[in-house]
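S.K.: Compact mmCIF, C-alpha atoms, saved as upload.txt, coming up:
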# COMPACT_ATOMS: atom_id res chain seq x y z
CA MET A 46 -21.86 -26.25 -58.83
CA PHE A 47 -18.67 -27.42 -57.13
CA ALA A 48 -17.17 -23.94 -57.59
CA LEU A 49 -20.22 -22.35 -55.94
CA HIS A 50 -19.98 -24.73 -52.96
CA GLU A 51 -16.24 -24.03 -52.70
CA LYS A 52 -16.90 -20.28 -52.84
CA ARG A 53 -19.47 -20.53 -50.02
CA SER A 54 -17.06 -22.64 -47.94
CA SER A 55 -14.24 -20.14 -48.39
CA SER A 56 -16.50 -17.21 -47.51
CA ARG A 57 -17.66 -19.08 -44.37
CA LEU A 58 -14.04 -19.80 -43.53
CA ILE A 59 -13.17 -16.11 -43.93
CA MET A 60 -16.14 -15.11 -41.74
CA LEU A 61 -15.13 -17.71 -39.17
CA LYS A 62 -11.55 -16.35 -39.14
CA LYS A 63 -12.85 -12.78 -38.74
CA GLY A 64 -15.13 -13.92 -35.93
CA ILE A 65 -12.28 -15.70 -34.17
CA ARG A 66 -10.05 -12.65 -34.62
CA SER A 67 -12.80 -10.40 -33.21
CA ILE A 68 -13.28 -12.69 -30.23
CA PHE A 69 -9.52 -12.75 -29.66
CA ILE A 70 -9.27 -8.95 -29.83
CA PHE A 71 -12.27 -8.61 -27.50
CA SER A 72 -10.76 -11.06 -25.00
CA VAL A 73 -7.42 -9.20 -25.07
CA LEU A 74 -9.22 -5.91 -24.43
CA ILE A 75 -11.19 -7.41 -21.52
CA HIS A 76 -8.00 -8.97 -20.10
CA ASN A 77 -6.17 -5.64 -20.32
CA CYS A 78 -9.07 -3.82 -18.66
CA PHE A 79 -9.06 -6.23 -15.72
CA ARG A 80 -5.29 -6.12 -15.54
CA TYR A 81 -5.49 -2.33 -15.36
CA VAL A 82 -8.07 -2.48 -12.57
CA ASP A 83 -5.88 -4.92 -10.64
CA SER A 84 -2.74 -2.86 -11.14
CA ALA A 85 -4.47 0.38 -10.18
CA CYS A 86 -4.08 -0.60 -6.55
CA GLU A 87 -0.46 -1.71 -6.65
CA ARG A 88 1.66 -0.21 -3.91
CA SER A 89 3.99 2.55 -4.95
CA LEU A 90 7.47 1.43 -5.96
CA SER A 91 8.95 4.35 -4.05
CA MET A 92 7.13 3.21 -0.88
CA MET A 93 8.29 -0.39 -1.26
CA ALA A 94 11.87 0.77 -1.95
CA ALA A 95 11.83 2.98 1.14
CA GLU A 96 10.50 0.09 3.24
CA ASP A 97 13.26 -2.20 1.93
CA ILE A 98 16.00 0.35 2.62
CA CYS A 99 14.69 1.07 6.11
CA TRP A 100 14.16 -2.61 6.90
CA SER A 101 17.82 -3.24 6.05
CA ASN A 102 19.18 -0.18 7.81
CA LYS A 103 16.97 0.29 10.86
CA VAL A 104 15.56 -3.05 11.98
CA LYS A 105 17.98 -5.02 14.11
CA ILE A 106 19.22 -8.34 12.77
CA VAL A 107 17.61 -10.18 15.70
CA ASP A 108 14.21 -8.71 14.82
CA ARG A 109 14.66 -9.68 11.16
CA ILE A 110 15.55 -13.26 12.09
CA GLN A 111 12.57 -13.49 14.43
CA TYR A 112 10.28 -12.05 11.73
CA THR A 113 11.56 -14.48 9.08
CA THR A 114 11.32 -17.48 11.42
CA LYS A 115 7.77 -16.61 12.43
CA SER A 116 6.78 -16.13 8.78
CA VAL A 117 8.15 -19.56 7.81
CA LEU A 118 6.41 -21.23 10.77
CA ASN A 119 3.11 -19.54 9.93
CA PHE A 120 3.41 -20.67 6.31
CA ALA A 121 4.00 -24.27 7.43
CA LYS A 122 1.11 -24.13 9.91
CA GLU A 123 -1.18 -22.74 7.23
CA LYS A 124 -0.27 -25.60 4.87
CA LEU A 125 -0.93 -28.14 7.64
CA GLY A 126 -4.25 -26.51 8.52
CA LEU A 127 -3.10 -25.40 11.97
CA VAL A 128 -3.81 -22.08 13.65
CA LYS A 129 -1.20 -19.49 12.76
CA ASP A 130 0.60 -17.37 15.33
CA GLU A 131 0.22 -13.65 15.32
CA PRO A 132 2.80 -12.23 12.92
CA PHE A 133 5.77 -10.45 14.46
CA HIS A 134 6.11 -6.86 13.31
CA PRO A 135 8.96 -4.72 14.54
CA GLN A 136 7.43 -1.42 15.54
CA GLN A 137 10.57 0.57 16.06
CA CYS A 138 9.98 4.22 15.46
CA ASP A 139 13.35 4.49 13.65
CA TYR A 140 11.96 2.28 10.89
CA TYR A 141 8.93 4.50 10.27
CA GLU A 142 10.94 7.68 10.61
CA CYS A 143 13.32 6.29 7.99
CA ILE A 144 10.42 5.63 5.58
CA PHE A 145 9.14 9.18 5.95
CA ALA A 146 12.68 10.53 5.47
CA GLU A 147 13.31 8.36 2.39
CA LEU A 148 10.07 9.60 0.84
CA LYS A 149 10.95 13.19 1.81
CA MET A 150 7.74 13.62 3.83
CA LEU A 151 9.29 15.25 6.92
CA ASP A 152 9.64 18.92 7.72
CA PRO A 153 13.01 20.37 8.81
CA ASN A 154 12.11 19.62 12.46
CA GLY A 155 11.55 15.93 11.72
CA TYR A 156 7.74 15.96 11.92
CA PRO A 157 5.36 14.73 9.19
CA ASN A 158 4.84 17.49 6.61
CA TYR A 159 1.25 17.65 5.37
CA ASN A 160 2.05 19.32 2.04
CA LYS A 161 4.86 16.89 1.21
CA ILE A 162 2.62 13.92 2.02
CA VAL A 163 -0.12 15.36 -0.22
CA GLU A 164 2.46 15.79 -2.99
CA TRP A 165 3.61 12.18 -2.55
CA ILE A 166 0.00 10.94 -2.67
CA ASP A 167 -0.62 13.03 -5.81
CA ASN A 168 2.35 11.43 -7.56
CA ASN A 169 2.00 7.84 -6.35
CA ILE A 170 -1.62 6.88 -5.78
CA ILE A 171 -4.46 6.40 -8.27
CA TYR A 172 -7.14 9.10 -7.85
CA ASN A 173 -9.97 6.94 -6.42
CA TYR A 174 -7.70 5.59 -3.69
CA ALA A 175 -6.02 8.95 -3.19
CA LYS A 176 -9.35 10.55 -2.19
CA THR A 177 -9.70 8.12 0.70
CA GLN A 178 -6.08 8.66 1.71
CA TYR A 179 -6.54 12.46 1.66
CA ASP A 180 -9.42 12.13 4.12
CA THR A 181 -7.33 9.94 6.42
CA LEU A 182 -4.38 12.34 6.13
CA LYS A 183 -6.63 15.27 7.11
CA GLU A 184 -7.85 13.38 10.20
CA CYS A 185 -4.30 12.44 11.20
CA ASN A 186 -2.99 15.95 10.66
CA ALA A 187 -5.87 17.48 12.64
CA ALA A 188 -5.26 15.03 15.51
CA LEU A 189 -1.52 15.79 15.51
CA SER A 190 -2.18 19.55 15.45
CA GLN A 191 -4.67 19.18 18.30
CA SER A 192 -2.19 17.19 20.39
CA VAL A 193 0.52 19.81 19.82
CA GLU A 194 -1.86 22.68 20.69
CA SER A 195 -3.16 20.96 23.83
CA ASP A 196 0.26 19.46 24.69
CA THR A 197 -1.12 15.93 24.91
CA TYR A 198 0.29 12.63 23.70
CA PHE A 199 -0.39 11.98 19.98
CA SER A 200 -1.88 8.55 19.34
CA GLY A 201 -2.13 7.08 15.85
CA ASP A 202 -5.34 5.34 16.91
CA LEU A 203 -6.97 8.79 17.14
CA ILE A 204 -7.99 7.97 20.69
CA PRO A 205 -6.97 10.56 23.29
CA ILE A 206 -4.37 9.12 25.66
CA ASN A 207 -3.31 10.70 28.89
CA GLU A 208 0.25 9.38 28.84
CA GLY A 209 1.73 12.75 29.46
CA PRO A 210 2.45 15.91 27.57
CA GLN A 211 3.20 15.81 23.85
CA SER A 212 6.46 17.59 24.57
CA LEU A 213 7.73 14.34 26.14
CA GLN A 214 7.01 12.42 22.93
CA ASN A 215 10.04 12.55 20.62
CA ASN A 216 9.84 13.13 16.86
CA CYS A 217 10.46 9.48 16.14
CA GLU A 218 7.47 8.39 18.24
CA VAL A 219 5.27 11.01 16.62
CA VAL A 220 6.25 9.78 13.14
CA ARG A 221 5.52 6.16 14.16
CA GLU A 222 2.10 7.15 15.47
CA PHE A 223 1.44 9.20 12.33
CA MET A 224 2.22 6.14 10.17
CA LYS A 225 -0.16 4.11 12.33
CA CYS A 226 -2.80 6.78 11.77
CA LEU A 227 -2.27 6.83 7.99
CA ALA A 228 -2.67 3.05 7.93
CA LEU A 229 -6.06 3.29 9.69
CA ASN A 230 -9.14 3.05 7.52
CA ALA A 231 -7.19 1.11 4.93
CA THR A 232 -9.47 0.22 2.05
CA GLU A 233 -8.92 -2.68 -0.29
CA CYS A 234 -5.94 -0.67 -1.51
CA ILE A 235 -3.25 -0.67 1.16
CA ILE A 236 -0.82 2.23 0.82
CA PHE A 237 0.63 2.92 4.25
CA VAL A 238 1.40 -0.17 6.33
CA TYR A 239 1.56 -0.39 10.11
CA PRO A 240 2.93 -2.46 11.73
Translate the structure of the given file into structure tokens.
M.R.:
Amino acid sequence: MFALHEKRSSSRLIMLKKGIRSIFIFSVLIHNCFRYVDSACERSLSMMAAEDICWSNKVKIVDRIQYTTKSVLNFAKEKLGLVKDEPFHPQQCDYYECIFAELKMLDPNGYPNYNKIVEWIDNNIIYNYAKTQYDTLKECNAALSQSVESDTYFSGDLIPINEGPQSLQNNCEVVREFMKCLALNATECIIFVYP
């Protein structure tokens, strides 16, 4: 009788161990699924590297100090429950032109190249987020083409501006406005950042 009770206890123990193992495996699978969903929207390493290189090379030291100081003050104000200041973002066109150049998304004339940007999106953005970015890219490219054809100023806000002919806008300014345009309509997955 004791042997029978011991046999039942050991079989329950084995079932309990299998159940715990199954729960553990299930929890690991669920964790990995959620981790995958979270990581699907991570910014491209090539984009972040280009931003770092261009930040170091193109943004003046005074702007970097001002940006860092404002960030620290905003962090302290947030911790104290105070209203934060608007963040300082250097909007120099050299910085954005550098990012496009680093990512090889410019044509030989220094303008944004639609096909190269599509290629970069294909290689660096998860499909669901890429679809949204393709739509934004098409809008930006159409607006840029329209401004070139009508010789009007290209605005990244996609709002017609009568600031003068497009021919007076240099490549660097066009690239900056194009980055602004690509950053419009940002979904929960931010790819292009402006400012």
S.K.: Nearest residue to A:Ala175 out of A:Ala187, A:Met150, A:Leu213, A:Cys86, using all atoms listed in the file?
M.R.: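 Smallest separation from A:Ala175 among the options: A:Cys86.
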S.K.: One number please: atom CA of A:Glu218 to atom CA of A:Cys138, in Å, one decimal.
M.R.: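 Taking atom CA of A:Glu218 and atom CA of A:Cys138, their separation equals 5.6 Å.
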S.K.: Nearest to A:Gly155: which of A:Val219, A:Leu227, A:Ala95, A:Cys234 is it, counting only C-alpha atoms?
M.R.: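 Among the listed residues, the smallest separation from A:Gly155 belongs to A:Val219.
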S.K.: Can you measure atom CA of A:Ser200 to atom CA of A:Glu96 for me? One decimal in Å is fine.
M.R.: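 Answer for the atom CA of A:Ser200 to atom CA of A:Glu96 separation: 22.0 Å.
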S.K.: Can you pull out every residue within 12 Å of stretch 167-169 of chain A, counting only C-alpha atoms, but drop anything in the same chain fewer than 4 positions away, and send it as a JSON list (two decimals) with C-alpha atoms, in the frame of the given file?
M.R.:
[["chain", "number", "residue", "atom", "x", "y", "z"],
["A", 85, "ALA", "CA", -4.47, 0.38, -10.18],
["A", 86, "CYS", "CA", -4.08, -0.60, -6.55],
["A", 87, "GLU", "CA", -0.46, -1.71, -6.65],
["A", 88, "ARG", "CA", 1.66, -0.21, -3.91],
["A", 89, "SER", "CA", 3.99, 2.55, -4.95],
["A", 90, "LEU", "CA", 7.47, 1.43, -5.96],
["A", 91, "SER", "CA", 8.95, 4.35, -4.05],
["A", 92, "MET", "CA", 7.13, 3.21, -0.88],
["A", 93, "MET", "CA", 8.29, -0.39, -1.26],
["A", 148, "LEU", "CA", 10.07, 9.60, 0.84],
["A", 160, "ASN", "CA", 2.05, 19.32, 2.04],
["A", 161, "LYS", "CA", 4.86, 16.89, 1.21],
["A", 162, "ILE", "CA", 2.62, 13.92, 2.02],
["A", 163, "VAL", "CA", -0.12, 15.36, -0.22],
["A", 173, "ASN", "CA", -9.97, 6.94, -6.42],
["A", 174, "TYR", "CA", -7.70, 5.59, -3.69],
["A", 175, "ALA", "CA", -6.02, 8.95, -3.19],
["A", 176, "LYS", "CA", -9.35, 10.55, -2.19],
["A", 178, "GLN", "CA", -6.08, 8.66, 1.71],
["A", 179, "TYR", "CA", -6.54, 12.46, 1.66],
["A", 236, "ILE", "CA", -0.82, 2.23, 0.82],
["A", 237, "PHE", "CA", 0.63, 2.92, 4.25]]
S.K.: Just how far from atom CA of A:Asn230 is atom CA of A:Phe120, in Å to one decimal?
M.R.: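 One can read the atom CA of A:Phe120 to atom CA of A:Asn230 distance as 26.9 Å.
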S.K.: Just want the 12 Å neighbourhood of A:Thr177, counted on all atoms listed in the file, with same-chain residues fewer than 6 positions away dropped. Output as a ChimeraX atom specification.
M.R.: /A:166,170-171,183-184,227-236
S.K.: Quick one: axis-aligned box around all listed atoms of stretch 179-186 of chain A, 5 Å on every side, centre and edge lengths in Å to one decimal, written as JSON.
M.R.:
{"center_x": -6.2, "center_y": 12.9, "center_z": 6.4, "size_x": 16.4, "size_y": 16.0, "size_z": 19.5}
S.K.: With all atoms listed in the file as the counted atoms, please give the residues lying no more than 12 Å from A:Gln214, apart from itself and same-chain residues fewer than 3 positions off, as a PyMOL selection string.
M.R.: chain A and resi 138+156+189+192-193+196-200+208-211+217-222
S.K.: Which of these, A:Val238, A:Ile204, A:Val128, A:Leu118, has the shortest distance to A:Tyr140 once you count only C-alpha atoms?
M.R.: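 Looking only at the distances to A:Tyr140, the closest residue turns out to be A:Val238.
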